[in-house]
Each structure stands twice: as C-alpha cells, then as structure tokens.
file query.pdb (PDB, N, CA and C atoms, pLDDT in the B column)
ATOM      1  N   TYR Y 211     -11.548  -1.044 -15.708  1.00 58.00           N
ATOM      2  CA  TYR Y 211     -10.866  -1.845 -14.722  1.00 58.00           C
ATOM      3  C   TYR Y 211     -10.903  -1.121 -13.390  1.00 58.00           C
ATOM      4  N   PRO Y 212     -11.172  -1.843 -12.333  1.00 67.00           N
ATOM      5  CA  PRO Y 212     -11.279  -1.185 -11.036  1.00 67.00           C
ATOM      6  C   PRO Y 212      -9.910  -0.858 -10.448  1.00 67.00           C
ATOM      7  N   ALA Y 213      -9.897   0.163  -9.638  1.00 70.00           N
ATOM      8  CA  ALA Y 213      -8.712   0.457  -8.830  1.00 70.00           C
ATOM      9  C   ALA Y 213      -8.902  -0.277  -7.515  1.00 70.00           C
ATOM     10  N   LEU Y 214      -7.920  -1.045  -7.133  1.00 73.00           N
ATOM     11  CA  LEU Y 214      -8.027  -1.842  -5.921  1.00 73.00           C
ATOM     12  C   LEU Y 214      -6.985  -1.409  -4.915  1.00 73.00           C
ATOM     13  N   ALA Y 215      -7.361  -1.422  -3.661  1.00 79.00           N
ATOM     14  CA  ALA Y 215      -6.431  -1.135  -2.579  1.00 79.00           C
ATOM     15  C   ALA Y 215      -6.067  -2.450  -1.903  1.00 79.00           C
ATOM     16  N   LEU Y 216      -4.885  -2.507  -1.376  1.00 81.00           N
ATOM     17  CA  LEU Y 216      -4.425  -3.710  -0.701  1.00 81.00           C
ATOM     18  C   LEU Y 216      -5.004  -3.762   0.708  1.00 81.00           C
ATOM     19  N   THR Y 217      -5.547  -4.901   1.077  1.00 85.00           N
ATOM     20  CA  THR Y 217      -6.053  -5.097   2.430  1.00 85.00           C
ATOM     21  C   THR Y 217      -5.515  -6.410   2.975  1.00 85.00           C
ATOM     22  N   GLY Y 218      -5.566  -6.560   4.273  1.00 89.00           N
ATOM     23  CA  GLY Y 218      -5.119  -7.792   4.908  1.00 89.00           C
ATOM     24  C   GLY Y 218      -4.787  -7.551   6.360  1.00 89.00           C
ATOM     25  N   THR Y 219      -4.258  -8.576   6.994  1.00 90.00           N
ATOM     26  CA  THR Y 219      -3.834  -8.442   8.388  1.00 90.00           C
ATOM     27  C   THR Y 219      -2.547  -7.624   8.432  1.00 90.00           C
ATOM     28  N   ASP Y 220      -2.195  -7.149   9.612  1.00 88.00           N
ATOM     29  CA  ASP Y 220      -0.968  -6.367   9.743  1.00 88.00           C
ATOM     30  C   ASP Y 220       0.252  -7.153   9.255  1.00 88.00           C
ATOM     31  N   PRO Y 221       0.432  -8.417   9.662  1.00 94.00           N
ATOM     32  CA  PRO Y 221       1.588  -9.164   9.143  1.00 94.00           C
ATOM     33  C   PRO Y 221       1.556  -9.333   7.616  1.00 94.00           C
ATOM     34  N   GLU Y 222       0.383  -9.576   7.048  1.00 94.00           N
ATOM     35  CA  GLU Y 222       0.271  -9.721   5.592  1.00 94.00           C
ATOM     36  C   GLU Y 222       0.646  -8.427   4.880  1.00 94.00           C
ATOM     37  N   LEU Y 223       0.169  -7.294   5.421  1.00 90.00           N
ATOM     38  CA  LEU Y 223       0.472  -6.002   4.804  1.00 90.00           C
ATOM     39  C   LEU Y 223       1.956  -5.680   4.901  1.00 90.00           C
ATOM     40  N   ARG Y 224       2.574  -6.022   6.008  1.00 91.00           N
ATOM     41  CA  ARG Y 224       4.012  -5.761   6.168  1.00 91.00           C
ATOM     42  C   ARG Y 224       4.834  -6.572   5.164  1.00 91.00           C
ATOM     43  N   ILE Y 225       4.442  -7.816   4.941  1.00 95.00           N
ATOM     44  CA  ILE Y 225       5.141  -8.650   3.953  1.00 95.00           C
ATOM     45  C   ILE Y 225       4.978  -8.056   2.555  1.00 95.00           C
ATOM     46  N   ALA Y 226       3.745  -7.694   2.194  1.00 90.00           N
ATOM     47  CA  ALA Y 226       3.487  -7.126   0.864  1.00 90.00           C
ATOM     48  C   ALA Y 226       4.223  -5.802   0.686  1.00 90.00           C
ATOM     49  N   ALA Y 227       4.196  -4.953   1.709  1.00 91.00           N
ATOM     50  CA  ALA Y 227       4.877  -3.659   1.622  1.00 91.00           C
ATOM     51  C   ALA Y 227       6.369  -3.858   1.381  1.00 91.00           C
ATOM     52  N   LYS Y 228       6.954  -4.811   2.074  1.00 93.00           N
ATOM     53  CA  LYS Y 228       8.382  -5.090   1.882  1.00 93.00           C
ATOM     54  C   LYS Y 228       8.650  -5.586   0.465  1.00 93.00           C
ATOM     55  N   GLN Y 229       7.792  -6.462  -0.048  1.00 91.00           N
ATOM     56  CA  GLN Y 229       7.977  -6.995  -1.397  1.00 91.00           C
ATOM     57  C   GLN Y 229       7.848  -5.910  -2.468  1.00 91.00           C
ATOM     58  N   PHE Y 230       6.961  -4.948  -2.241  1.00 88.00           N
ATOM     59  CA  PHE Y 230       6.752  -3.875  -3.216  1.00 88.00           C
ATOM     60  C   PHE Y 230       7.674  -2.677  -2.978  1.00 88.00           C
ATOM     61  N   GLY Y 231       8.403  -2.682  -1.862  1.00 89.00           N
ATOM     62  CA  GLY Y 231       9.310  -1.584  -1.570  1.00 89.00           C
ATOM     63  C   GLY Y 231       8.603  -0.309  -1.167  1.00 89.00           C
ATOM     64  N   VAL Y 232       7.471  -0.435  -0.479  1.00 90.00           N
ATOM     65  CA  VAL Y 232       6.719   0.732  -0.021  1.00 90.00           C
ATOM     66  C   VAL Y 232       6.637   0.720   1.504  1.00 90.00           C
ATOM     67  N   THR Y 233       6.232   1.840   2.056  1.00 90.00           N
ATOM     68  CA  THR Y 233       6.070   1.950   3.503  1.00 90.00           C
ATOM     69  C   THR Y 233       4.646   2.357   3.838  1.00 90.00           C
ATOM     70  N   PHE Y 234       4.245   2.054   5.071  1.00 90.00           N
ATOM     71  CA  PHE Y 234       2.964   2.535   5.583  1.00 90.00           C
ATOM     72  C   PHE Y 234       3.062   2.651   7.093  1.00 90.00           C
ATOM     73  N   TYR Y 235       2.281   3.583   7.646  1.00 89.00           N
ATOM     74  CA  TYR Y 235       2.302   3.811   9.089  1.00 89.00           C
ATOM     75  C   TYR Y 235       1.056   4.595   9.474  1.00 89.00           C
ATOM     76  N   PRO Y 236       0.633   4.490  10.747  1.00 89.00           N
ATOM     77  CA  PRO Y 236      -0.538   5.252  11.196  1.00 89.00           C
ATOM     78  C   PRO Y 236      -0.238   6.750  11.200  1.00 89.00           C
ATOM     79  N   SER Y 237      -1.230   7.543  10.851  1.00 92.00           N
ATOM     80  CA  SER Y 237      -1.093   8.993  10.886  1.00 92.00           C
ATOM     81  C   SER Y 237      -0.910   9.448  12.329  1.00 92.00           C
ATOM     82  N   PRO Y 238       0.019  10.369  12.588  1.00 94.00           N
ATOM     83  CA  PRO Y 238       0.193  10.870  13.953  1.00 94.00           C
ATOM     84  C   PRO Y 238      -1.066  11.557  14.494  1.00 94.00           C
ATOM     85  N   GLU Y 239      -1.837  12.185  13.610  1.00 95.00           N
ATOM     86  CA  GLU Y 239      -3.042  12.894  14.035  1.00 95.00           C
ATOM     87  C   GLU Y 239      -4.199  11.944  14.328  1.00 95.00           C
ATOM     88  N   ASN Y 240      -4.281  10.858  13.579  1.00 94.00           N
ATOM     89  CA  ASN Y 240      -5.380   9.904  13.738  1.00 94.00           C
ATOM     90  C   ASN Y 240      -4.866   8.516  13.357  1.00 94.00           C
ATOM     91  N   PRO Y 241      -4.576   7.675  14.358  1.00 88.00           N
ATOM     92  CA  PRO Y 241      -4.003   6.357  14.074  1.00 88.00           C
ATOM     93  C   PRO Y 241      -4.891   5.446  13.223  1.00 88.00           C
ATOM     94  N   ARG Y 242      -6.156   5.793  13.058  1.00 88.00           N
ATOM     95  CA  ARG Y 242      -7.042   4.982  12.214  1.00 88.00           C
ATOM     96  C   ARG Y 242      -6.827   5.278  10.732  1.00 88.00           C
ATOM     97  N   ILE Y 243      -6.127   6.364  10.440  1.00 89.00           N
ATOM     98  CA  ILE Y 243      -5.795   6.726   9.061  1.00 89.00           C
ATOM     99  C   ILE Y 243      -4.368   6.262   8.782  1.00 89.00           C
ATOM    100  N   ILE Y 244      -4.193   5.538   7.691  1.00 87.00           N
ATOM    101  CA  ILE Y 244      -2.881   4.995   7.352  1.00 87.00           C
ATOM    102  C   ILE Y 244      -2.225   5.840   6.261  1.00 87.00           C
ATOM    103  N   GLN Y 245      -1.020   6.289   6.545  1.00 90.00           N
ATOM    104  CA  GLN Y 245      -0.199   6.992   5.559  1.00 90.00           C
ATOM    105  C   GLN Y 245       0.585   5.934   4.787  1.00 90.00           C
ATOM    106  N   HIS Y 246       0.879   6.188   3.512  1.00 87.00           N
ATOM    107  CA  HIS Y 246       1.635   5.210   2.734  1.00 87.00           C
ATOM    108  C   HIS Y 246       2.425   5.894   1.631  1.00 87.00           C
ATOM    109  N   SER Y 247       3.339   5.148   1.053  1.00 87.00           N
ATOM    110  CA  SER Y 247       4.150   5.669  -0.045  1.00 87.00           C
ATOM    111  C   SER Y 247       3.234   6.156  -1.163  1.00 87.00           C
ATOM    112  N   PRO Y 248       3.557   7.315  -1.760  1.00 86.00           N
ATOM    113  CA  PRO Y 248       2.694   7.888  -2.803  1.00 86.00           C
ATOM    114  C   PRO Y 248       2.975   7.300  -4.183  1.00 86.00           C
ATOM    115  N   VAL Y 249       2.642   6.027  -4.347  1.00 87.00           N
ATOM    116  CA  VAL Y 249       2.851   5.369  -5.635  1.00 87.00           C
ATOM    117  C   VAL Y 249       1.602   4.598  -6.026  1.00 87.00           C
ATOM    118  N   LEU Y 250       1.486   4.355  -7.310  1.00 86.00           N
ATOM    119  CA  LEU Y 250       0.376   3.572  -7.849  1.00 86.00           C
ATOM    120  C   LEU Y 250       0.968   2.543  -8.802  1.00 86.00           C
ATOM    121  N   PHE Y 251       0.693   1.280  -8.536  1.00 88.00           N
ATOM    122  CA  PHE Y 251       1.196   0.206  -9.386  1.00 88.00           C
ATOM    123  C   PHE Y 251       0.141  -0.147 -10.422  1.00 88.00           C
ATOM    124  N   LEU Y 252       0.561  -0.267 -11.674  1.00 88.00           N
ATOM    125  CA  LEU Y 252      -0.313  -0.773 -12.725  1.00 88.00           C
ATOM    126  C   LEU Y 252       0.049  -2.246 -12.894  1.00 88.00           C
ATOM    127  N   ILE Y 253      -0.875  -3.134 -12.517  1.00 86.00           N
ATOM    128  CA  ILE Y 253      -0.634  -4.573 -12.528  1.00 86.00           C
ATOM    129  C   ILE Y 253      -1.561  -5.205 -13.552  1.00 86.00           C
ATOM    130  N   ASP Y 254      -0.995  -6.032 -14.433  1.00 83.00           N
ATOM    131  CA  ASP Y 254      -1.816  -6.649 -15.470  1.00 83.00           C
ATOM    132  C   ASP Y 254      -2.572  -7.861 -14.932  1.00 83.00           C
ATOM    133  N   SER Y 255      -3.381  -8.451 -15.775  1.00 80.00           N
ATOM    134  CA  SER Y 255      -4.239  -9.560 -15.346  1.00 80.00           C
ATOM    135  C   SER Y 255      -3.448 -10.809 -14.971  1.00 80.00           C
ATOM    136  N   SER Y 256      -2.173 -10.855 -15.338  1.00 86.00           N
ATOM    137  CA  SER Y 256      -1.315 -11.981 -14.957  1.00 86.00           C
ATOM    138  C   SER Y 256      -0.568 -11.719 -13.656  1.00 86.00           C
ATOM    139  N   GLY Y 257      -0.792 -10.532 -13.076  1.00 84.00           N
ATOM    140  CA  GLY Y 257      -0.137 -10.192 -11.819  1.00 84.00           C
ATOM    141  C   GLY Y 257       1.231  -9.553 -11.972  1.00 84.00           C
ATOM    142  N   ASN Y 258       1.583  -9.161 -13.192  1.00 89.00           N
ATOM    143  CA  ASN Y 258       2.875  -8.517 -13.443  1.00 89.00           C
ATOM    144  C   ASN Y 258       2.762  -7.012 -13.267  1.00 89.00           C
ATOM    145  N   ILE Y 259       3.734  -6.429 -12.592  1.00 90.00           N
ATOM    146  CA  ILE Y 259       3.776  -4.973 -12.473  1.00 90.00           C
ATOM    147  C   ILE Y 259       4.232  -4.425 -13.817  1.00 90.00           C
ATOM    148  N   ARG Y 260       3.374  -3.639 -14.440  1.00 91.00           N
ATOM    149  CA  ARG Y 260       3.683  -3.084 -15.761  1.00 91.00           C
ATOM    150  C   ARG Y 260       4.226  -1.669 -15.677  1.00 91.00           C
ATOM    151  N   TYR Y 261       3.844  -0.947 -14.622  1.00 91.00           N
ATOM    152  CA  TYR Y 261       4.305   0.430 -14.496  1.00 91.00           C
ATOM    153  C   TYR Y 261       4.131   0.884 -13.058  1.00 91.00           C
ATOM    154  N   LEU Y 262       5.032   1.744 -12.628  1.00 90.00           N
ATOM    155  CA  LEU Y 262       4.963   2.338 -11.296  1.00 90.00           C
ATOM    156  C   LEU Y 262       4.803   3.842 -11.474  1.00 90.00           C
ATOM    157  N   PHE Y 263       3.628   4.349 -11.127  1.00 91.00           N
ATOM    158  CA  PHE Y 263       3.359   5.779 -11.236  1.00 91.00           C
ATOM    159  C   PHE Y 263       3.796   6.465  -9.949  1.00 91.00           C
ATOM    160  N   LYS Y 264       4.488   7.585 -10.095  1.00 88.00           N
ATOM    161  CA  LYS Y 264       4.901   8.382  -8.940  1.00 88.00           C
ATOM    162  C   LYS Y 264       3.877   9.490  -8.716  1.00 88.00           C
ATOM    163  N   PHE Y 265       3.881  10.046  -7.508  1.00 84.00           N
ATOM    164  CA  PHE Y 265       2.866  11.028  -7.118  1.00 84.00           C
ATOM    165  C   PHE Y 265       2.885  12.292  -7.955  1.00 84.00           C
ATOM    166  N   ASP Y 266       4.015  12.610  -8.557  1.00 90.00           N
ATOM    167  CA  ASP Y 266       4.104  13.879  -9.287  1.00 90.00           C
ATOM    168  C   ASP Y 266       3.820  13.748 -10.786  1.00 90.00           C
ATOM    169  N   GLN Y 267       3.399  12.572 -11.231  1.00 91.00           N
ATOM    170  CA  GLN Y 267       3.066  12.407 -12.644  1.00 91.00           C
ATOM    171  C   GLN Y 267       1.680  12.980 -12.927  1.00 91.00           C
ATOM    172  N   THR Y 268       1.527  13.522 -14.112  1.00 92.00           N
ATOM    173  CA  THR Y 268       0.253  14.132 -14.484  1.00 92.00           C
ATOM    174  C   THR Y 268      -0.727  13.072 -14.982  1.00 92.00           C
ATOM    175  N   ALA Y 269      -1.983  13.455 -15.031  1.00 91.00           N
ATOM    176  CA  ALA Y 269      -3.011  12.558 -15.562  1.00 91.00           C
ATOM    177  C   ALA Y 269      -2.711  12.214 -17.019  1.00 91.00           C
ATOM    178  N   ASP Y 270      -2.216  13.180 -17.779  1.00 95.00           N
ATOM    179  CA  ASP Y 270      -1.872  12.926 -19.185  1.00 95.00           C
ATOM    180  C   ASP Y 270      -0.778  11.867 -19.309  1.00 95.00           C
ATOM    181  N   GLU Y 271       0.191  11.896 -18.408  1.00 93.00           N
ATOM    182  CA  GLU Y 271       1.259  10.890 -18.433  1.00 93.00           C
ATOM    183  C   GLU Y 271       0.702   9.503 -18.121  1.00 93.00           C
ATOM    184  N   LEU Y 272      -0.193   9.426 -17.154  1.00 90.00           N
ATOM    185  CA  LEU Y 272      -0.812   8.147 -16.812  1.00 90.00           C
ATOM    186  C   LEU Y 272      -1.614   7.606 -17.985  1.00 90.00           C
ATOM    187  N   VAL Y 273      -2.385   8.473 -18.624  1.00 93.00           N
ATOM    188  CA  VAL Y 273      -3.193   8.058 -19.773  1.00 93.00           C
ATOM    189  C   VAL Y 273      -2.291   7.555 -20.894  1.00 93.00           C
ATOM    190  N   ALA Y 274      -1.192   8.243 -21.155  1.00 94.00           N
ATOM    191  CA  ALA Y 274      -0.281   7.839 -22.230  1.00 94.00           C
ATOM    192  C   ALA Y 274       0.288   6.443 -21.970  1.00 94.00           C
ATOM    193  N   VAL Y 275       0.656   6.159 -20.732  1.00 93.00           N
ATOM    194  CA  VAL Y 275       1.191   4.834 -20.392  1.00 93.00           C
ATOM    195  C   VAL Y 275       0.130   3.764 -20.587  1.00 93.00           C
ATOM    196  N   VAL Y 276      -1.070   4.017 -20.095  1.00 91.00           N
ATOM    197  CA  VAL Y 276      -2.149   3.034 -20.219  1.00 91.00           C
ATOM    198  C   VAL Y 276      -2.483   2.794 -21.691  1.00 91.00           C
ATOM    199  N   GLU Y 277      -2.565   3.860 -22.474  1.00 93.00           N
ATOM    200  CA  GLU Y 277      -2.862   3.700 -23.905  1.00 93.00           C
ATOM    201  C   GLU Y 277      -1.772   2.890 -24.610  1.00 93.00           C
ATOM    202  N   GLU Y 278      -0.521   3.139 -24.261  1.00 91.00           N
ATOM    203  CA  GLU Y 278       0.585   2.390 -24.870  1.00 91.00           C
ATOM    204  C   GLU Y 278       0.504   0.904 -24.508  1.00 91.00           C
ATOM    205  N   LEU Y 279       0.193   0.612 -23.259  1.00 88.00           N
ATOM    206  CA  LEU Y 279       0.074  -0.788 -22.846  1.00 88.00           C
ATOM    207  C   LEU Y 279      -1.108  -1.477 -23.524  1.00 88.00           C
ATOM    208  N   ILE Y 280      -2.192  -0.737 -23.720  1.00 88.00           N
ATOM    209  CA  ILE Y 280      -3.353  -1.306 -24.416  1.00 88.00           C
ATOM    210  C   ILE Y 280      -2.984  -1.622 -25.862  1.00 88.00           C
ATOM    211  N   GLU Y 281      -2.270  -0.714 -26.520  1.00 88.00           N
ATOM    212  CA  GLU Y 281      -1.852  -0.935 -27.909  1.00 88.00           C
ATOM    213  C   GLU Y 281      -0.929  -2.147 -28.027  1.00 88.00           C
ATOM    214  N   ASP Y 282      -0.078  -2.354 -27.027  1.00 83.00           N
ATOM    215  CA  ASP Y 282       0.878  -3.463 -27.053  1.00 83.00           C
ATOM    216  C   ASP Y 282       0.240  -4.814 -26.759  1.00 83.00           C
ATOM    217  N   SER Y 283      -0.966  -4.796 -26.201  1.00 76.00           N
ATOM    218  CA  SER Y 283      -1.570  -6.081 -25.815  1.00 76.00           C
ATOM    219  C   SER Y 283      -2.394  -6.690 -26.929  1.00 76.00           C
TER     220      SER Y 283
END
call {"tool": "encode", "arguments": {"input": "query.pdb", "output": "structure tokens"}}
result
Amino acid sequence: YPALALTGTDPELRIAAKQFGVTFYPSPENPRIIQHSPVLFLIDSSGNIRYLFKFDQTADELVAVVEELIEDS
C-alpha cells in the first residue's frame, strides 16, 4: 500500500488540518518547505482512521499495529 501525502490548495489544506487536529506552517529558514505535526495516520480503504502513529514510536511498534489490523480484517 502506498504512503500518500495530503495535497491541495491552501484553504483545502487548512480545512483538512483542522479536521485532523494537526498543524502546518512554512519553515522559517525556507518558506517553500512546510513543517507539520509529526504524526502518521493509518487510514483504511473505507476512509476510516485506524491508528495514529506518533513520531516517537518505533518501527517494530508500527509493524505490530499493521499486522494486528491485517489479522482482524
């Protein structure tokens, strides 16, 4: 399954960011680079958020969650 990044117009991104409870802003060093909340959403094929990974979780923790969700499906 591919990892996808959210794209859109500035107003569209602001609406989505608010709905997901995340923030984003231009980098002070380079405004063309966008800083954002350090989270990764695992969204199923129906569009449901199944898990929210935080930046400090290990790869093993991510794998365990994905394997558990695969077993449950």
call {"tool": "atom_distance", "arguments": {"input": "query.pdb", "atom1": "CA of Asn258 in chain Y", "atom2": "CA of His246 in chain Y"}}
result
21.3 Å
call {"tool": "select_by_dssp", "arguments": {"input": "query.pdb", "residues": "range 223-253 of chain Y", "states": "helix (DSSP H, G or I)", "output": "PDB file with N, CA and C atoms, in the coordinates of the input"}}
result
ATOM      1  N   LEU Y 223       0.169  -7.294   5.421  1.00 90.00           N
ATOM      2  CA  LEU Y 223       0.472  -6.002   4.804  1.00 90.00           C
ATOM      3  C   LEU Y 223       1.956  -5.680   4.901  1.00 90.00           C
ATOM      4  N   ARG Y 224       2.574  -6.022   6.008  1.00 91.00           N
ATOM      5  CA  ARG Y 224       4.012  -5.761   6.168  1.00 91.00           C
ATOM      6  C   ARG Y 224       4.834  -6.572   5.164  1.00 91.00           C
ATOM      7  N   ILE Y 225       4.442  -7.816   4.941  1.00 95.00           N
ATOM      8  CA  ILE Y 225       5.141  -8.650   3.953  1.00 95.00           C
ATOM      9  C   ILE Y 225       4.978  -8.056   2.555  1.00 95.00           C
ATOM     10  N   ALA Y 226       3.745  -7.694   2.194  1.00 90.00           N
ATOM     11  CA  ALA Y 226       3.487  -7.126   0.864  1.00 90.00           C
ATOM     12  C   ALA Y 226       4.223  -5.802   0.686  1.00 90.00           C
ATOM     13  N   ALA Y 227       4.196  -4.953   1.709  1.00 91.00           N
ATOM     14  CA  ALA Y 227       4.877  -3.659   1.622  1.00 91.00           C
ATOM     15  C   ALA Y 227       6.369  -3.858   1.381  1.00 91.00           C
ATOM     16  N   LYS Y 228       6.954  -4.811   2.074  1.00 93.00           N
ATOM     17  CA  LYS Y 228       8.382  -5.090   1.882  1.00 93.00           C
ATOM     18  C   LYS Y 228       8.650  -5.586   0.465  1.00 93.00           C
ATOM     19  N   GLN Y 229       7.792  -6.462  -0.048  1.00 91.00           N
ATOM     20  CA  GLN Y 229       7.977  -6.995  -1.397  1.00 91.00           C
ATOM     21  C   GLN Y 229       7.848  -5.910  -2.468  1.00 91.00           C
ATOM     22  N   PHE Y 230       6.961  -4.948  -2.241  1.00 88.00           N
ATOM     23  CA  PHE Y 230       6.752  -3.875  -3.216  1.00 88.00           C
ATOM     24  C   PHE Y 230       7.674  -2.677  -2.978  1.00 88.00           C
TER      25      PHE Y 230
END
call {"tool": "resolve_selection", "arguments": {"input": "query.pdb", "expression": "the PyMOL selection byres (((chain Y and resi 262-270 and name CA) around 10) and name CA)", "output": "ChimeraX atom specification"}}
result
/Y:247-253,259-261,271-276
call {"tool": "resolve_selection", "arguments": {"input": "query.pdb", "expression": "the PyMOL selection byres ((chain Y and resi 226-234) around 5)", "output": "VMD selection string"}}
result
chain Y and resid 222 to 225 235 to 236 245 to 247
call {"tool": "write_last_selection", "arguments": {"input": "query.pdb", "atoms": "N, CA and C atoms", "output": "mmCIF file, in the coordinates of the input"}}
result
data_model
loop_
_atom_site.group_PDB
_atom_site.id
_atom_site.type_symbol
_atom_site.label_atom_id
_atom_site.label_comp_id
_atom_site.auth_asym_id
_atom_site.auth_seq_id
_atom_site.Cartn_x
_atom_site.Cartn_y
_atom_site.Cartn_z
ATOM 1 N N GLU Y 222 0.383 -9.576 7.048
ATOM 2 C CA GLU Y 222 0.271 -9.721 5.592
ATOM 3 C C GLU Y 222 0.646 -8.427 4.880
ATOM 4 N N LEU Y 223 0.169 -7.294 5.421
ATOM 5 C CA LEU Y 223 0.472 -6.002 4.804
ATOM 6 C C LEU Y 223 1.956 -5.680 4.901
ATOM 7 N N ARG Y 224 2.574 -6.022 6.008
ATOM 8 C CA ARG Y 224 4.012 -5.761 6.168
ATOM 9 C C ARG Y 224 4.834 -6.572 5.164
ATOM 10 N N ILE Y 225 4.442 -7.816 4.941
ATOM 11 C CA ILE Y 225 5.141 -8.650 3.953
ATOM 12 C C ILE Y 225 4.978 -8.056 2.555
ATOM 13 N N TYR Y 235 2.281 3.583 7.646
ATOM 14 C CA TYR Y 235 2.302 3.811 9.089
ATOM 15 C C TYR Y 235 1.056 4.595 9.474
ATOM 16 N N PRO Y 236 0.633 4.490 10.747
ATOM 17 C CA PRO Y 236 -0.538 5.252 11.196
ATOM 18 C C PRO Y 236 -0.238 6.750 11.200
ATOM 19 N N GLN Y 245 -1.020 6.289 6.545
ATOM 20 C CA GLN Y 245 -0.199 6.992 5.559
ATOM 21 C C GLN Y 245 0.585 5.934 4.787
ATOM 22 N N HIS Y 246 0.879 6.188 3.512
ATOM 23 C CA HIS Y 246 1.635 5.210 2.734
ATOM 24 C C HIS Y 246 2.425 5.894 1.631
ATOM 25 N N SER Y 247 3.339 5.148 1.053
ATOM 26 C CA SER Y 247 4.150 5.669 -0.045
ATOM 27 C C SER Y 247 3.234 6.156 -1.163
#
call {"tool": "atom_distance", "arguments": {"input": "query.pdb", "atom1": "CA of Gly257 in chain Y", "atom2": "CA of Glu278 in chain Y"}}
result
18.1 Å
call {"tool": "select_by_dssp", "arguments": {"input": "query.pdb", "residues": "chain Y", "states": "strand (DSSP E or B)", "output": "ChimeraX atom specification"}}
result
/Y:234-236,244-246,249-253,259-264
call {"tool": "atom_distance", "arguments": {"input": "query.pdb", "atom1": "CA of Ser283 in chain Y", "atom2": "CA of Asp254 in chain Y"}}
result
10.4 Å
call {"tool": "axis_aligned_box", "arguments": {"input": "query.pdb", "around": "range 264-276 of chain Y", "padding_each_side": "4 Å", "output": "JSON"}}
result
{"center_x": 0.9, "center_y": 8.5, "center_z": -14.7, "size_x": 16.1, "size_y": 19.3, "size_z": 23.1}
